[in-house]
>>> print(open('start15.txt').read())   # compact mmCIF, C-alpha atoms
# COMPACT_ATOMS: atom_id res chain seq x y z
CA MET A 646 0.00 0.00 0.00
CA VAL A 647 1.34 3.44 -0.93
CA GLU A 648 2.01 5.72 2.06
CA SER A 649 -0.43 8.65 2.05
CA SER A 650 2.34 11.17 2.73
CA HIS A 651 4.09 10.17 -0.49
CA CYS A 652 3.13 10.89 -4.08
CA ALA A 653 4.16 10.11 -7.63
CA VAL A 654 5.23 12.78 -10.11
CA VAL A 655 4.60 12.36 -13.83
CA THR A 656 6.00 14.94 -16.23
CA GLY A 657 4.19 15.14 -19.55
CA GLY A 658 1.09 13.74 -17.88
CA THR A 659 -1.28 14.86 -20.65
CA GLY A 660 0.46 13.01 -23.50
CA GLY A 661 -0.77 9.69 -24.83
CA ILE A 662 1.74 7.72 -22.77
CA GLY A 663 1.69 10.12 -19.83
CA ILE A 664 -2.06 9.81 -19.29
CA GLU A 665 -1.82 6.02 -19.17
CA ILE A 666 1.02 6.24 -16.67
CA VAL A 667 -1.05 8.54 -14.46
CA ARG A 668 -3.94 6.07 -14.64
CA HIS A 669 -1.75 3.09 -13.73
CA LEU A 670 -0.03 4.82 -10.81
CA ALA A 671 -3.30 6.23 -9.46
CA ALA A 672 -4.87 2.76 -9.66
CA GLU A 673 -2.02 1.47 -7.50
CA GLY A 674 -2.84 4.03 -4.83
CA HIS A 675 -0.40 6.83 -5.63
CA PRO A 676 -1.55 10.43 -5.38
CA VAL A 677 -0.23 11.80 -8.68
CA ALA A 678 1.19 15.25 -9.40
CA LEU A 679 1.43 15.70 -13.16
CA THR A 680 2.91 18.44 -15.29
CA TYR A 681 1.81 19.64 -18.68
CA ARG A 682 3.01 22.19 -21.20
CA ASN A 683 -0.06 23.64 -22.92
CA ASN A 684 -3.18 21.48 -22.75
CA SER A 685 -4.91 22.68 -19.58
CA GLU A 686 -8.26 21.17 -20.60
CA ARG A 687 -6.77 17.71 -20.92
CA ALA A 688 -4.90 18.18 -17.65
CA ASP A 689 -8.13 19.09 -15.86
CA ALA A 690 -9.84 16.07 -17.42
CA VAL A 691 -7.11 13.71 -16.19
CA VAL A 692 -7.32 15.11 -12.65
CA ALA A 693 -11.10 14.76 -12.71
CA GLU A 694 -10.85 11.18 -14.00
CA VAL A 695 -8.50 10.20 -11.17
CA ALA A 696 -10.76 11.86 -8.61
CA ALA A 697 -13.84 10.09 -10.00
CA ALA A 698 -12.04 6.78 -9.51
CA GLY A 699 -11.36 7.63 -5.86
CA GLY A 700 -7.77 8.86 -6.24
CA ARG A 701 -5.96 12.17 -5.84
CA ALA A 702 -4.23 14.16 -8.54
CA ARG A 703 -3.08 17.67 -9.29
CA ALA A 704 -1.85 19.23 -12.51
CA ASP A 705 0.62 22.09 -12.91
CA ARG A 706 1.76 23.89 -16.03
CA VAL A 707 5.56 23.88 -15.86
CA ASP A 708 8.26 24.86 -18.32
CA LEU A 709 10.75 22.08 -17.63
CA VAL A 710 13.68 23.97 -19.14
CA ASP A 711 13.15 26.87 -16.73
CA ASN A 712 15.17 25.89 -13.66
CA ALA A 713 13.54 28.45 -11.39
CA ALA A 714 10.06 27.34 -12.44
CA VAL A 715 10.91 23.67 -11.89
CA THR A 716 12.34 24.36 -8.43
CA ALA A 717 9.31 26.42 -7.41
CA TRP A 718 6.94 23.73 -8.67
CA ALA A 719 8.84 20.98 -6.80
CA ASP A 720 8.58 23.02 -3.59
CA ARG A 721 4.82 23.44 -4.08
CA VAL A 722 4.31 19.74 -4.63
CA ARG A 723 6.26 18.85 -1.50
CA GLY A 724 4.47 21.46 0.60
CA GLU A 725 0.94 21.00 -0.68
CA PHE A 726 0.63 17.44 -1.96
CA GLY A 727 3.20 15.02 -0.56
CA GLU A 728 6.80 13.87 -0.77
CA PRO A 729 7.57 12.38 -4.19
CA SER A 730 8.69 8.75 -3.95
CA VAL A 731 8.19 8.08 -7.67
CA LEU A 732 9.25 10.26 -10.59
CA VAL A 733 8.27 9.33 -14.13
CA HIS A 734 9.66 11.58 -16.84
CA ALA A 735 7.34 11.22 -19.83
CA ALA A 736 7.61 14.78 -21.14
CA GLY A 737 9.09 15.62 -24.50
CA PRO A 738 8.45 17.70 -27.61
CA HIS A 739 6.81 16.49 -30.78
CA ILE A 740 9.66 15.18 -32.91
CA PRO A 741 9.24 15.07 -36.70
CA MET A 742 10.70 12.23 -38.77
CA VAL A 743 13.52 13.97 -40.65
CA HIS A 744 17.04 13.19 -41.82
CA LEU A 745 19.68 14.61 -39.50
CA SER A 746 21.25 16.42 -42.44
CA SER A 747 18.18 18.66 -42.56
CA VAL A 748 18.27 19.55 -38.86
CA ALA A 749 19.83 22.91 -38.04
CA PRO A 750 22.22 22.94 -35.07
CA ASP A 751 20.04 25.37 -33.11
CA VAL A 752 17.01 23.11 -33.62
CA TYR A 753 18.99 20.14 -32.34
CA ALA A 754 20.07 22.19 -29.32
CA GLN A 755 16.44 23.08 -28.57
CA HIS A 756 15.41 19.42 -28.66
CA LEU A 757 18.37 18.39 -26.53
CA GLY A 758 17.31 20.97 -23.97
CA ALA A 759 13.69 19.82 -24.03
CA GLU A 760 14.81 16.21 -23.52
CA ALA A 761 18.02 15.85 -21.50
CA THR A 762 18.23 19.25 -19.80
CA ALA A 763 14.58 19.04 -18.75
CA PHE A 764 15.10 15.57 -17.28
CA PHE A 765 18.18 16.75 -15.40
CA ALA A 766 16.34 19.79 -14.04
CA VAL A 767 13.44 17.73 -12.70
CA VAL A 768 15.73 15.13 -11.12
CA HIS A 769 17.87 17.89 -9.58
CA ALA A 770 14.84 19.57 -8.03
CA LEU A 771 13.39 16.35 -6.58
CA LEU A 772 16.55 14.45 -5.69
CA PRO A 773 16.69 15.43 -1.98
CA THR A 774 13.16 14.12 -1.49
CA LEU A 775 13.79 11.01 -3.59
CA ARG A 776 16.76 10.24 -1.35
CA ALA A 777 14.64 10.70 1.77
CA THR A 778 11.93 8.39 0.41
CA GLN A 779 14.38 5.97 -1.27
CA GLY A 780 12.37 6.57 -4.39
CA SER A 781 12.32 5.36 -7.95
CA VAL A 782 12.80 7.26 -11.21
CA VAL A 783 11.70 6.00 -14.63
CA ALA A 784 12.42 7.89 -17.85
CA VAL A 785 10.39 7.24 -20.99
CA THR A 786 12.82 7.28 -23.91
CA THR A 787 12.72 5.30 -27.16
CA ALA A 788 13.64 1.90 -28.58
CA ALA A 789 15.40 3.80 -31.40
CA THR A 790 18.52 4.19 -29.26
CA ASP A 791 19.03 0.43 -29.62
CA ARG A 792 17.93 -0.05 -33.22
CA PHE A 793 17.99 3.07 -35.32
CA PRO A 794 15.19 3.72 -37.83
CA VAL A 795 16.09 6.18 -40.59
CA ARG A 796 14.85 9.74 -39.96
CA ASP A 797 14.56 9.23 -36.20
CA GLY A 798 17.91 10.70 -35.20
CA LEU A 799 16.41 13.82 -33.69
CA SER A 800 14.65 11.58 -31.19
CA SER A 801 17.28 8.94 -30.52
CA GLY A 802 20.14 11.44 -30.46
CA THR A 803 18.53 13.46 -27.66
CA LYS A 804 16.81 10.69 -25.71
CA GLY A 805 20.10 8.82 -25.76
CA ALA A 806 21.44 11.58 -23.52
CA VAL A 807 18.56 10.95 -21.11
CA GLU A 808 19.46 7.25 -21.00
CA ALA A 809 23.08 8.11 -20.23
CA LEU A 810 21.90 10.27 -17.33
CA VAL A 811 19.71 7.44 -16.07
CA ARG A 812 22.70 5.10 -15.89
CA ALA A 813 24.90 7.76 -14.28
CA PHE A 814 22.31 8.63 -11.64
CA ALA A 815 21.70 4.93 -10.95
CA VAL A 816 25.38 4.42 -10.18
CA GLU A 817 25.71 7.55 -8.06
CA GLU A 818 22.41 7.47 -6.19
CA GLY A 819 22.22 3.75 -5.41
CA ARG A 820 24.00 4.44 -2.11
CA TYR A 821 20.92 6.43 -1.06
CA GLY A 822 18.52 3.71 -2.18
CA VAL A 823 17.25 5.66 -5.19
CA ARG A 824 16.68 3.61 -8.34
CA PHE A 825 16.83 4.92 -11.93
CA ASN A 826 15.59 3.01 -14.97
CA SER A 827 14.16 3.76 -18.40
CA VAL A 828 11.65 2.27 -20.82
CA GLY A 829 11.98 2.48 -24.59
CA PRO A 830 8.67 2.52 -26.45
CA GLY A 831 8.65 1.17 -29.99
CA MET A 832 5.90 1.93 -32.49
CA LEU A 833 2.59 2.55 -30.74
CA SER A 834 -0.89 3.09 -32.09
CA ASP A 835 -1.24 6.01 -29.68
CA GLY A 836 1.13 8.50 -28.11
CA MET A 837 3.88 10.03 -30.27
CA ALA A 838 3.36 7.57 -33.13
CA GLU A 839 -0.28 8.62 -33.37
CA ARG A 840 0.85 12.23 -33.90
CA LEU A 841 3.40 11.17 -36.52
CA ILE A 842 0.71 9.29 -38.43
CA GLY A 843 -1.70 12.19 -38.13
CA SER A 844 0.90 14.66 -39.39
CA ASP A 845 1.71 12.49 -42.43
CA ASP A 846 5.30 11.94 -41.29
CA LEU A 847 4.51 8.25 -41.72
CA ASP A 848 2.48 7.12 -44.73
CA GLU A 849 0.80 3.73 -45.25
CA ARG A 850 3.86 2.26 -46.92
CA ALA A 851 6.13 3.38 -44.07
CA LEU A 852 3.70 1.95 -41.53
CA ALA A 853 3.66 -1.40 -43.32
CA VAL A 854 7.45 -1.52 -43.40
CA ALA A 855 7.64 -0.62 -39.71
CA LYS A 856 5.16 -3.35 -38.78
CA SER A 857 7.06 -5.94 -40.83
CA ARG A 858 10.13 -5.34 -38.66
CA ILE A 859 8.27 -6.13 -35.44
CA PRO A 860 8.25 -9.86 -34.58
CA LEU A 861 4.81 -9.60 -32.97
CA ASN A 862 3.61 -8.00 -36.26
CA ARG A 863 1.59 -5.27 -34.58
CA PHE A 864 2.02 -1.92 -32.92
CA GLY A 865 1.84 -1.53 -29.15
CA ARG A 866 -0.27 0.78 -27.04
CA ALA A 867 0.50 3.40 -24.44
CA SER A 868 -0.96 1.10 -21.80
CA ASP A 869 1.80 -1.44 -22.55
CA VAL A 870 4.40 1.21 -21.72
CA ALA A 871 2.52 2.37 -18.63
CA ALA A 872 2.39 -1.17 -17.22
CA ALA A 873 6.17 -1.49 -17.58
CA VAL A 874 6.70 1.91 -15.96
CA ALA A 875 4.46 0.98 -13.03
CA PHE A 876 6.44 -2.22 -12.52
CA LEU A 877 9.83 -0.50 -12.56
CA ALA A 878 8.57 2.20 -10.20
CA SER A 879 7.27 -0.34 -7.70
CA ASP A 880 8.90 -2.41 -4.98
CA ARG A 881 8.49 -5.44 -7.25
CA ALA A 882 11.51 -4.09 -9.12
CA GLY A 883 13.34 -3.20 -5.94
CA PHE A 884 16.65 -4.73 -7.10
CA VAL A 885 16.49 -3.27 -10.61
CA THR A 886 18.40 -0.09 -11.36
CA GLY A 887 20.43 1.37 -14.21
CA GLN A 888 18.47 -0.71 -16.74
CA LYS A 889 16.43 -0.09 -19.86
CA LEU A 890 13.36 -2.11 -20.86
CA ASN A 891 12.25 -1.80 -24.47
CA ILE A 892 8.50 -2.07 -25.03
CA ASP A 893 8.68 -2.71 -28.77
CA GLY A 894 7.17 -6.07 -29.72
CA GLY A 895 10.64 -7.50 -30.31
CA TYR A 896 11.85 -4.78 -32.69
CA THR A 897 15.25 -4.54 -30.97
CA ALA A 898 15.67 -8.31 -30.44
>>> encode(input="start15.txt", output="structure tokens")
Amino acid sequence: MVESSHCAVVTGGTGGIGIEIVRHLAAEGHPVALTYRNNSERADAVVAEVAAAGGRARADRVDLVDNAAVTAWADRVRGEFGEPSVLVHAAGPHIPMVHLSSVAPDVYAQHLGAEATAFFAVVHALLPTLRATQGSVVAVTTAATDRFPVRDGLSSGTKGAVEALVRAFAVEEGRYGVRFNSVGPGMLSDGMAERLIGSDDLDERALAVAKSRIPLNRFGRASDVAAAVAFLASDRAGFVTGQKLNIDGGYTA
């Protein structure tokens, strides 16, 4: 049973994957503090859904690359909602499928900031509390860091930095009982992949080719990722740290 004085934090809690993670953690008894970037209506709907199911949730609009804003938000959560014992970083910008040769250096820098710098800022702000609660951190990255699909370098090249931080923090923070792991979603029928399909970054031919490379011969769902996140965040994975679990139907096998 989750202690009432503790809570879970989910960044990017209004995205396709983030919403499912909020649902899974709330169902396991965690009060959930989620962040969002723009979609306040969806954030309010998620909070209301959790409340209707008998749980507790709050949503805050936070610019994760603004260190002062992140620190102030972390202080509010601790003071008003509970001590975070779980941090799930599911935030990230929409990433188009493009060749790296067409990406300007300043655009790459912006994406790197929105991925790795944002993750670092959130961990930095919550680390004292995570040490006190011997908490767990799970970063949602991508399977593309293990098997590269053409035109996905803007994603894998920046999320790879997040994975490196996960391993580094796992090694350094294990002495305090804090665990760090990551999950790598493959192609999903919702979440980021849904936006890529909707924006025509992936046409029918590209989708067919992508599916043919998956041993299970189907795309996954955000709920598959959320179940893995909930496991890694829980005491059931209490001796697992510094690891990455790909949720990809065998794509990286």
>>> residues_around(input="start15.txt", residues="Gly802 (chain A)", least_positions_apart="2", cutoff="10 Å", atoms="only C-alpha atoms", output="PDB file with C-alpha atoms, keeping the file's coordinate frame")
ATOM      1  CA  LEU A 745      19.680  14.610 -39.500  1.00  0.00           C
ATOM      2  CA  TYR A 753      18.990  20.140 -32.340  1.00  0.00           C
ATOM      3  CA  HIS A 756      15.410  19.420 -28.660  1.00  0.00           C
ATOM      4  CA  LEU A 757      18.370  18.390 -26.530  1.00  0.00           C
ATOM      5  CA  GLU A 760      14.810  16.210 -23.520  1.00  0.00           C
ATOM      6  CA  ALA A 789      15.400   3.800 -31.400  1.00  0.00           C
ATOM      7  CA  THR A 790      18.520   4.190 -29.260  1.00  0.00           C
ATOM      8  CA  PHE A 793      17.990   3.070 -35.320  1.00  0.00           C
ATOM      9  CA  ASP A 797      14.560   9.230 -36.200  1.00  0.00           C
ATOM     10  CA  GLY A 798      17.910  10.700 -35.200  1.00  0.00           C
ATOM     11  CA  LEU A 799      16.410  13.820 -33.690  1.00  0.00           C
ATOM     12  CA  SER A 800      14.650  11.580 -31.190  1.00  0.00           C
ATOM     13  CA  LYS A 804      16.810  10.690 -25.710  1.00  0.00           C
ATOM     14  CA  GLY A 805      20.100   8.820 -25.760  1.00  0.00           C
ATOM     15  CA  ALA A 806      21.440  11.580 -23.520  1.00  0.00           C
ATOM     16  CA  VAL A 807      18.560  10.950 -21.110  1.00  0.00           C
TER      17      VAL A 807
END
>>> residues_around(input="start15.txt", residues="Arg687 (chain A)", least_positions_apart="2", cutoff="10 Å", atoms="all atoms listed in the file", output="ChimeraX atom specification")
/A:658-660,664,681,683-685,689-693,704
>>> write_last_selection(input="start15.txt", atoms="C-alpha atoms", output="short mmCIF file (atom, residue, chain, number, x, y, z; two decimals), in the frame of the given file")
data_model
loop_
_atom_site.label_atom_id
_atom_site.label_comp_id
_atom_site.auth_asym_id
_atom_site.auth_seq_id
_atom_site.Cartn_x
_atom_site.Cartn_y
_atom_site.Cartn_z
CA GLY A 658 1.09 13.74 -17.88
CA THR A 659 -1.28 14.86 -20.65
CA GLY A 660 0.46 13.01 -23.50
CA ILE A 664 -2.06 9.81 -19.29
CA TYR A 681 1.81 19.64 -18.68
CA ASN A 683 -0.06 23.64 -22.92
CA ASN A 684 -3.18 21.48 -22.75
CA SER A 685 -4.91 22.68 -19.58
CA ASP A 689 -8.13 19.09 -15.86
CA ALA A 690 -9.84 16.07 -17.42
CA VAL A 691 -7.11 13.71 -16.19
CA VAL A 692 -7.32 15.11 -12.65
CA ALA A 693 -11.10 14.76 -12.71
CA ALA A 704 -1.85 19.23 -12.51
#
>>> residues_around(input="start15.txt", residues="Arg776 (chain A)", least_positions_apart="4", cutoff="7 Å", atoms="all atoms listed in the file", output="JSON, numbers by chain")
{"A": [772, 780, 821, 822, 823]}
>>> residues_near_point(input="start15.txt", point="(8.6, 7.4, -9.8)", cutoff="10 Å", atoms="only C-alpha atoms", output="MDAnalysis selection string")
chainID A and resid 652:655 670 675 677 729:734 775 780:784 823:826 874:875 877:879
>>> atom_distance(input="start15.txt", atom1="CA of Arg796 (chain A)", atom2="CA of Met832 (chain A)")
14.0 Å
>>> closest_residue(input="start15.txt", among="A:Asn712, A:Ser868, A:Thr787, A:Ser650", to="His669 (chain A)", atoms="only C-alpha atoms")
A:Ser868
